[in-house]
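Text of coords-v8.txt (compact mmCIF, C-alpha atoms) as supplied:
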```
# COMPACT_ATOMS: atom_id res chain seq x y z
CA MET A 208 -0.24 -16.21 -14.76
CA ASN A 209 -3.96 -16.71 -14.25
CA ASN A 210 -4.28 -17.48 -10.54
CA ILE A 211 -3.46 -14.58 -8.23
CA SER A 212 -3.43 -14.81 -4.43
CA VAL A 213 -3.59 -11.61 -2.39
CA ILE A 214 -2.57 -11.85 1.26
CA GLY A 215 -4.35 -9.28 3.43
CA SER A 216 -7.78 -7.80 2.76
CA GLY A 217 -7.24 -4.27 4.03
CA THR A 218 -7.24 -1.11 1.91
CA MET A 219 -4.37 -2.18 -0.35
CA GLY A 220 -5.26 -5.88 -0.46
CA ASN A 221 -8.87 -5.36 -1.49
CA GLY A 222 -7.80 -2.77 -4.06
CA ILE A 223 -5.29 -5.18 -5.60
CA ALA A 224 -7.88 -7.97 -5.64
CA HIS A 225 -10.38 -5.58 -7.28
CA VAL A 226 -8.03 -4.70 -10.13
CA PHE A 227 -6.93 -8.26 -10.91
CA ALA A 228 -10.53 -9.53 -10.87
CA GLN A 229 -11.64 -6.66 -13.10
CA TYR A 230 -9.02 -7.62 -15.68
CA GLY A 231 -9.98 -11.27 -15.85
CA TYR A 232 -7.75 -13.00 -13.29
CA LYS A 233 -8.92 -15.54 -10.73
CA VAL A 234 -8.25 -14.06 -7.31
CA SER A 235 -7.87 -15.76 -3.94
CA LEU A 236 -8.18 -13.16 -1.19
CA VAL A 237 -6.67 -14.46 2.04
CA ASP A 238 -7.18 -13.10 5.56
CA VAL A 239 -7.52 -14.78 8.95
CA ASN A 240 -10.30 -12.36 9.89
CA GLN A 241 -13.76 -13.23 8.51
CA SER A 242 -15.20 -9.77 9.16
CA ALA A 243 -12.25 -8.22 7.32
CA LEU A 244 -12.96 -10.41 4.30
CA GLU A 245 -16.65 -9.47 4.36
CA LYS A 246 -15.75 -5.80 4.62
CA ALA A 247 -13.28 -6.17 1.73
CA LEU A 248 -15.88 -7.70 -0.57
CA ALA A 249 -18.35 -4.95 0.35
CA THR A 250 -15.70 -2.31 -0.41
CA ILE A 251 -14.86 -3.89 -3.77
CA SER A 252 -18.55 -4.04 -4.70
CA ARG A 253 -19.05 -0.40 -3.67
CA ASN A 254 -16.00 0.76 -5.63
CA MET A 255 -17.12 -1.17 -8.70
CA ASP A 256 -20.54 0.48 -8.39
CA ARG A 257 -18.75 3.82 -8.76
CA GLN A 258 -17.08 2.52 -11.92
CA VAL A 259 -20.49 1.44 -13.25
CA SER A 260 -22.00 4.87 -12.49
CA LYS A 261 -19.14 6.53 -14.40
CA GLY A 262 -19.57 4.21 -17.38
CA LEU A 263 -16.15 2.64 -16.93
CA ILE A 264 -17.55 -0.88 -16.63
CA SER A 265 -21.01 -2.43 -17.07
CA GLU A 266 -23.15 -4.03 -14.37
CA ASP A 267 -22.42 -7.41 -15.98
CA ASP A 268 -18.68 -6.68 -15.90
CA LYS A 269 -18.99 -5.94 -12.19
CA ASN A 270 -20.88 -9.13 -11.39
CA ILE A 271 -18.46 -11.28 -13.39
CA ALA A 272 -15.44 -9.65 -11.70
CA ILE A 273 -16.88 -10.14 -8.20
CA GLY A 274 -17.48 -13.79 -9.12
CA ARG A 275 -13.76 -14.21 -9.84
CA ILE A 276 -12.85 -13.48 -6.20
CA LYS A 277 -12.82 -16.28 -3.65
CA THR A 278 -12.00 -15.71 -0.01
CA PHE A 279 -9.93 -17.94 2.26
CA HIS A 280 -8.99 -18.06 5.94
CA SER A 281 -6.37 -20.73 5.38
CA LEU A 282 -3.10 -19.51 3.88
CA LYS A 283 -2.35 -23.01 2.58
CA GLU A 284 -5.67 -23.30 0.73
CA GLY A 285 -5.48 -19.71 -0.50
CA VAL A 286 -2.09 -20.03 -2.19
CA GLU A 287 -1.83 -23.67 -3.26
CA ASN A 288 -2.76 -22.93 -6.91
CA ALA A 289 -1.24 -19.45 -7.13
CA ASP A 290 0.97 -18.44 -10.05
CA LEU A 291 1.60 -15.11 -8.32
CA VAL A 292 1.21 -14.22 -4.65
CA ILE A 293 1.02 -10.56 -3.66
CA GLU A 294 1.52 -9.90 0.03
CA ALA A 295 -0.32 -6.81 1.30
CA ALA A 296 0.07 -7.30 5.06
CA THR A 297 1.09 -4.81 7.72
CA GLU A 298 4.25 -2.80 7.01
CA ASN A 299 6.25 -4.72 9.61
CA LEU A 300 9.49 -6.52 8.79
CA SER A 301 9.12 -9.49 11.15
CA ILE A 302 5.55 -10.15 9.99
CA LYS A 303 6.62 -10.09 6.36
CA LEU A 304 9.63 -12.34 6.91
CA ASP A 305 7.53 -14.93 8.74
CA LEU A 306 4.91 -14.79 6.02
CA PHE A 307 7.41 -15.24 3.18
CA ARG A 308 9.04 -18.20 4.92
CA GLU A 309 5.61 -19.81 5.07
CA LEU A 310 4.69 -18.88 1.50
CA ASP A 311 7.94 -20.38 0.25
CA GLU A 312 6.94 -23.72 1.76
CA LEU A 313 3.29 -23.64 0.70
CA CYS A 314 3.47 -22.30 -2.87
CA LYS A 315 4.27 -24.10 -6.10
CA ASP A 316 7.98 -24.11 -6.96
CA ASP A 317 7.41 -21.85 -9.96
CA ALA A 318 5.17 -19.35 -8.17
CA ILE A 319 6.37 -15.75 -8.02
CA LEU A 320 6.22 -14.10 -4.60
CA ALA A 321 5.63 -10.33 -4.58
CA SER A 322 5.34 -7.81 -1.78
CA ASN A 323 3.33 -4.61 -1.84
CA THR A 324 5.72 -3.15 0.73
CA SER A 325 6.22 0.60 0.46
CA SER A 326 9.70 0.66 1.98
CA ILE A 327 11.02 -2.70 3.30
CA SER A 328 13.93 -4.34 1.49
CA ILE A 329 12.90 -6.91 -1.13
CA THR A 330 16.41 -8.37 -0.87
CA LYS A 331 15.92 -8.97 2.85
CA ILE A 332 12.51 -10.55 2.27
CA ALA A 333 13.82 -12.75 -0.55
CA ALA A 334 16.71 -13.98 1.58
CA VAL A 335 14.39 -15.98 3.86
CA THR A 336 13.06 -17.99 0.89
CA SER A 337 14.59 -20.71 -1.28
CA ARG A 338 13.58 -18.75 -4.40
CA PRO A 339 15.12 -15.25 -4.18
CA ALA A 340 15.16 -14.98 -8.00
CA LYS A 341 11.35 -15.21 -7.91
CA VAL A 342 10.77 -12.56 -5.23
CA ILE A 343 9.92 -9.02 -6.31
CA GLY A 344 8.22 -5.85 -5.12
CA MET A 345 4.94 -4.60 -6.57
CA HIS A 346 4.21 -1.31 -4.80
CA PHE A 347 0.68 -0.30 -5.81
CA MET A 348 -0.58 3.20 -5.02
CA ASN A 349 -3.73 3.98 -3.04
CA PRO A 350 -6.52 3.90 -4.19
CA VAL A 351 -5.41 0.96 -6.32
CA PRO A 352 -8.30 0.94 -8.83
CA VAL A 353 -7.64 4.62 -9.65
CA MET A 354 -3.87 5.16 -9.40
CA LYS A 355 -1.85 4.15 -12.46
CA LEU A 356 1.62 3.70 -10.98
CA ILE A 357 3.19 0.44 -9.83
CA GLU A 358 6.74 0.61 -8.49
CA VAL A 359 8.33 -2.68 -9.52
CA ILE A 360 11.24 -3.30 -7.15
CA ARG A 361 14.06 -5.63 -8.08
CA GLY A 362 15.76 -7.33 -5.16
CA TYR A 363 19.47 -8.06 -5.44
CA ALA A 364 18.74 -11.58 -6.75
CA THR A 365 15.48 -10.96 -8.65
CA SER A 366 15.82 -12.44 -12.14
CA ASN A 367 15.44 -10.53 -15.41
CA GLU A 368 12.73 -13.00 -16.44
CA VAL A 369 10.61 -12.39 -13.35
CA THR A 370 11.06 -8.63 -13.65
CA SER A 371 9.93 -8.72 -17.29
CA LEU A 372 6.91 -10.88 -16.41
CA ILE A 373 5.78 -8.48 -13.69
CA MET A 374 6.34 -5.42 -15.88
CA ASP A 375 4.21 -7.00 -18.63
CA LEU A 376 1.54 -8.12 -16.17
CA SER A 377 1.29 -4.60 -14.75
CA LYS A 378 0.66 -3.23 -18.25
CA LYS A 379 -2.14 -5.79 -18.76
CA LEU A 380 -3.82 -4.16 -15.75
CA GLU A 381 -3.54 -0.84 -17.61
CA LYS A 382 -1.07 0.37 -15.00
CA VAL A 383 2.24 2.14 -15.62
CA PRO A 384 5.06 0.05 -14.10
CA VAL A 385 8.33 1.77 -13.21
CA GLU A 386 11.32 -0.44 -12.46
CA VAL A 387 13.43 0.65 -9.49
CA ASN A 388 16.28 -0.86 -7.51
CA ASP A 389 16.06 -2.05 -3.92
CA TYR A 390 17.13 0.75 -1.58
CA PRO A 391 15.22 2.06 1.46
CA GLY A 392 11.97 3.77 0.47
CA PHE A 393 12.57 2.97 -3.21
CA VAL A 394 11.66 6.15 -5.17
CA ALA A 395 8.15 7.15 -4.12
CA ASN A 396 8.59 7.13 -0.36
CA ARG A 397 12.23 8.17 -0.35
CA ILE A 398 11.02 11.47 -1.80
CA LEU A 399 7.51 11.69 -0.33
CA MET A 400 8.13 10.82 3.32
CA PRO A 401 10.84 13.44 3.99
CA MET A 402 8.42 16.03 2.57
CA ILE A 403 5.63 14.87 4.88
CA ASN A 404 8.05 14.73 7.81
CA GLU A 405 9.23 18.27 7.06
CA ALA A 406 5.61 19.46 6.96
CA ILE A 407 5.08 17.91 10.41
CA TYR A 408 8.26 19.61 11.68
CA THR A 409 6.96 22.90 10.25
CA LEU A 410 3.81 22.45 12.35
CA TYR A 411 5.79 21.20 15.38
CA GLU A 412 8.08 24.22 15.34
CA GLY A 413 5.16 26.66 15.09
CA VAL A 414 5.97 28.04 11.64
CA ALA A 415 2.35 27.71 10.53
CA GLY A 416 -0.87 25.84 11.27
CA ILE A 417 -2.23 22.72 9.62
CA GLU A 418 -4.54 24.42 7.11
CA GLU A 419 -1.89 27.01 6.26
CA ILE A 420 0.76 24.37 5.55
CA ASP A 421 -1.58 22.31 3.38
CA THR A 422 -2.85 25.39 1.54
CA VAL A 423 0.69 26.51 0.66
CA MET A 424 1.49 23.13 -0.86
CA LYS A 425 -1.83 22.79 -2.70
CA LEU A 426 -1.96 26.29 -4.17
CA GLY A 427 1.75 27.02 -4.38
CA MET A 428 3.02 23.66 -5.64
CA ALA A 429 -0.17 22.37 -7.33
CA HIS A 430 -0.36 19.30 -5.09
CA PRO A 431 -3.88 17.80 -5.14
CA MET A 432 -3.67 17.16 -1.40
CA GLY A 433 -1.67 18.91 1.31
CA PRO A 434 1.09 16.88 3.01
CA LEU A 435 -0.64 16.70 6.40
CA GLN A 436 -3.94 15.64 4.83
CA LEU A 437 -2.02 13.09 2.76
CA ALA A 438 -0.28 11.77 5.88
CA ASP A 439 -3.70 11.20 7.47
CA PHE A 440 -4.86 9.41 4.34
CA ILE A 441 -1.80 7.14 4.23
CA GLY A 442 -1.92 6.49 7.98
CA LEU A 443 0.42 8.20 10.42
CA ASP A 444 1.58 4.82 11.70
CA VAL A 445 2.56 3.84 8.15
CA CYS A 446 4.41 7.14 7.67
CA LEU A 447 6.29 6.57 10.93
CA SER A 448 7.20 3.01 9.96
CA ILE A 449 8.57 4.12 6.57
CA LEU A 450 10.58 6.97 8.10
CA ARG A 451 12.13 4.54 10.55
CA VAL A 452 13.10 2.24 7.67
CA LEU A 453 14.72 5.21 5.89
CA HIS A 454 16.47 6.40 9.06
CA GLU A 455 17.83 2.96 9.87
CA GLY A 456 18.67 2.09 6.26
CA PHE A 457 20.65 5.22 5.47
CA GLY A 458 21.80 6.19 8.97
CA ASN A 459 21.12 9.81 8.07
CA PRO A 460 19.49 12.08 10.69
CA LYS A 461 17.52 13.91 7.99
CA TYR A 462 15.14 10.91 7.95
CA ALA A 463 14.52 10.92 11.72
CA PRO A 464 10.75 11.08 12.34
CA CYS A 465 9.42 14.25 13.95
CA PRO A 466 8.66 13.79 17.69
CA LEU A 467 5.12 15.07 17.07
CA LEU A 468 4.49 12.22 14.62
CA VAL A 469 5.83 9.69 17.12
CA ASN A 470 3.59 11.06 19.90
CA MET A 471 0.49 11.08 17.71
CA VAL A 472 0.96 7.45 16.69
CA GLU A 473 1.65 6.35 20.26
CA ALA A 474 -1.53 8.16 21.37
CA GLY A 475 -3.57 6.34 18.71
CA PHE A 476 -4.19 9.33 16.44
CA LYS A 477 -3.33 7.65 13.14
CA GLY A 478 -5.39 9.62 10.65
CA VAL A 479 -8.42 8.56 8.63
CA LYS A 480 -8.30 4.95 9.85
CA THR A 481 -8.86 6.00 13.47
CA GLY A 482 -11.07 9.00 12.74
CA GLU A 483 -8.51 11.59 13.79
CA GLY A 484 -4.99 12.68 12.96
CA PHE A 485 -4.15 16.21 11.87
CA TYR A 486 -7.80 16.47 10.88
CA LYS A 487 -10.91 14.99 12.48
CA TYR A 488 -13.01 12.67 10.31
CA THR A 489 -16.74 12.25 10.90
CA PRO A 490 -18.81 9.84 8.77
CA GLY A 491 -20.93 11.77 6.27
CA VAL A 492 -18.97 15.01 6.73
CA LYS A 493 -16.84 15.94 3.69
CA GLU A 494 -15.43 19.18 5.11
CA PHE A 495 -11.89 18.95 6.47
CA ILE A 496 -11.90 19.97 10.12
CA VAL A 497 -8.64 20.46 11.99
CA SER A 498 -8.28 18.16 14.99
CA PRO A 499 -9.22 19.85 18.29
CA GLN A 500 -5.73 18.82 19.50
CA PHE A 501 -4.33 21.62 17.33
CA LYS A 502 -6.87 24.32 18.01
CA LYS A 503 -5.36 27.39 19.62
```
Final structure tokens representation of the file:
Amino acid sequence: MNNISVIGSGTMGNGIAHVFAQYGYKVSLVDVNQSALEKALATISRNMDRQVSKGLISEDDKNIAIGRIKTFHSLKEGVENADLVIEAATENLSIKLDLFRELDELCKDDAILASNTSSISITKIAAVTSRPAKVIGMHFMNPVPVMKLIEVIRGYATSNEVTSLIMDLSKKLEKVPVEVNDYPGFVANRILMPMINEAIYTLYEGVAGIEEIDTVMKLGMAHPMGPLQLADFIGLDVCLSILRVLHEGFGNPKYAPCPLLVNMVEAGFKGVKTGEGFYKYTPGVKEFIVSPQFKK
């Protein structure tokens, strides 16, 4: 597999493109939005500059890697030569199903179709294609160039051969692939999201404030980031979407999203991406400041 197509140039998509290009693969980065593609390339360049400053790669390595990335508006042109397509679009089932139907028609018969979904069923996605044995999950962690883990999710029909190929490919990226089966939330988010949701309930029920909750988890449990800060970083809309997948998939009320989370997302307070969630984010300010919405 030499030709990799990445669908979606947001945070996860540009991170995935960055890593594949860095490790010698030809990358087609596909997005309908020209400004999003320009922003993605700028982000990749900036992140590679950090790697250069830390001595992880050379300036020449950076320039060669950037040269391996081509951008496309057209899905057809962006995937026609792909050996592997990695979808990194919005965490929305209908969007993903429509996209995989289209990819199935546009891609080579032997192309592998992967999704970076963090919770949606690979089996369900694969079922809308004519190649379910060649559909798999590759759940990268954010930030992709830094985080070592890839959850490799086998759908019900994913073949052993495809699973082995993706496990080996992940190791070539110097990542640590972990094979998991296809159940709601997989492993990472099945464990992480209930913790975040419980932290939000703890705030909602007045047990403690935002800084207090995050401090307990950072100092008491040695977490590098408190759960409310982490929720902001992930995106509160993404957290809500995953919790709804868990709630619907298992039918268990313990996964029901906290009403406070629902209200915040509906009001447009989605965390870092919108400039405010549990904390308020101001460009150039590194200090974590609790959102005025939660000031007593």
Checklist entry - Between atom CA of Ile496 of chain A and atom CA of Glu418 of chain A, what is the distance, to one decimal in Å? => result 9.1 Å
For a cut-off of 10 Å around (0.8, 22.2, 12.8), file coordinates, pick out all residues using only C-alpha atoms and list them as a PDB file with C-alpha atoms, in the frame of the given file.
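Result saved to result_28.pdb:
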```
ATOM      1  CA  ALA A 406       5.610  19.460   6.960  1.00  0.00           C
ATOM      2  CA  ILE A 407       5.080  17.910  10.410  1.00  0.00           C
ATOM      3  CA  TYR A 408       8.260  19.610  11.680  1.00  0.00           C
ATOM      4  CA  THR A 409       6.960  22.900  10.250  1.00  0.00           C
ATOM      5  CA  LEU A 410       3.810  22.450  12.350  1.00  0.00           C
ATOM      6  CA  TYR A 411       5.790  21.200  15.380  1.00  0.00           C
ATOM      7  CA  GLU A 412       8.080  24.220  15.340  1.00  0.00           C
ATOM      8  CA  GLY A 413       5.160  26.660  15.090  1.00  0.00           C
ATOM      9  CA  VAL A 414       5.970  28.040  11.640  1.00  0.00           C
ATOM     10  CA  ALA A 415       2.350  27.710  10.530  1.00  0.00           C
ATOM     11  CA  GLY A 416      -0.870  25.840  11.270  1.00  0.00           C
ATOM     12  CA  ILE A 417      -2.230  22.720   9.620  1.00  0.00           C
ATOM     13  CA  GLU A 418      -4.540  24.420   7.110  1.00  0.00           C
ATOM     14  CA  GLU A 419      -1.890  27.010   6.260  1.00  0.00           C
ATOM     15  CA  ILE A 420       0.760  24.370   5.550  1.00  0.00           C
ATOM     16  CA  ASP A 421      -1.580  22.310   3.380  1.00  0.00           C
ATOM     17  CA  LEU A 435      -0.640  16.700   6.400  1.00  0.00           C
ATOM     18  CA  LEU A 467       5.120  15.070  17.070  1.00  0.00           C
ATOM     19  CA  PHE A 485      -4.150  16.210  11.870  1.00  0.00           C
ATOM     20  CA  VAL A 497      -8.640  20.460  11.990  1.00  0.00           C
ATOM     21  CA  GLN A 500      -5.730  18.820  19.500  1.00  0.00           C
ATOM     22  CA  PHE A 501      -4.330  21.620  17.330  1.00  0.00           C
ATOM     23  CA  LYS A 502      -6.870  24.320  18.010  1.00  0.00           C
TER      24      LYS A 502
END
```
Checklist entry - Hey, what's within 9 Å of Ser337 of chain A if we count only C-alpha atoms and toss same-chain stuff fewer than 6 positions away? As a list of chain:residue names, please? => result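 Close residues of Ser337 of chain A: A:Arg308, A:Asp311, A:Glu312.
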Item to check | For segment 277-290 of chain A: contacts at 9 Å, only C-alpha atoms, fewer than 3 positions along chain excluded, given as a ChimeraX atom specification | outcome: /A:208-214,233-241,244-245,248,273-274,309-310,313-315,317-320
Item to check | For atom CA of Ala334 of chain A and atom CA of Asn349 of chain A, the interatomic separation in Å (one decimal) | outcome: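 About the pair atom CA of Ala334 of chain A and atom CA of Asn349 of chain A: they are 27.6 Å apart.
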Item to check | Residue among A:Val369, A:Ile251, A:Gly427, A:Tyr230 lying closest to Asp268 of chain A, counting all atoms listed in the file | outcome: A:Tyr230
Item to check | One-decimal distance in Å that lies between atom CA of Arg338 of chain A and atom CA of Thr218 of chain A | outcome: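 Atom CA of Arg338 of chain A lies at a distance of 28.0 Å from atom CA of Thr218 of chain A.
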Exercise on segment 428-437 of chain A, axis-aligned box with 4 Å per side, report centre and edge lengths in Å to one decimal, as JSON:
```
{"center_x": -0.5, "center_y": 18.4, "center_z": -0.5, "size_x": 15.0, "size_y": 18.6, "size_z": 21.7}
```
Checklist entry - If you count only C-alpha atoms, which residues fall within 8 Å of segment 451-464 of chain A, apart from same-chain ones fewer than 5 positions away, as a list in words? => result Ser326, Ile327, Pro391, Gly392, Arg397, Pro401, Asn404 and Val469 of chain A
Checklist entry - Using all atoms listed in the file, which of A:Ile271, A:Met432, A:Val359, A:Cys446 sits nearest Asp375 of chain A? => result A:Val359
Got a sec: who's within 10 Å of Asn367 of chain A, counting only C-alpha atoms, leaving out chain neighbours fewer than 5 positions off, as a PDB file with C-alpha atoms, in the coordinates of the input?
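The resulting out-v4.pdb:
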```
ATOM      1  CA  ALA A 340      15.160 -14.980  -8.000  1.00  0.00           C
ATOM      2  CA  LYS A 341      11.350 -15.210  -7.910  1.00  0.00           C
ATOM      3  CA  ARG A 361      14.060  -5.630  -8.080  1.00  0.00           C
ATOM      4  CA  LEU A 372       6.910 -10.880 -16.410  1.00  0.00           C
TER       5      LEU A 372
END
```
Next on the checklist: Please determine, counting all atoms listed in the file, which residue among A:Asn221, A:Thr324, A:Asn396, A:Leu447 has the shortest atom-to-atom distance to Leu304 of chain A.
Outcome noted: A:Thr324
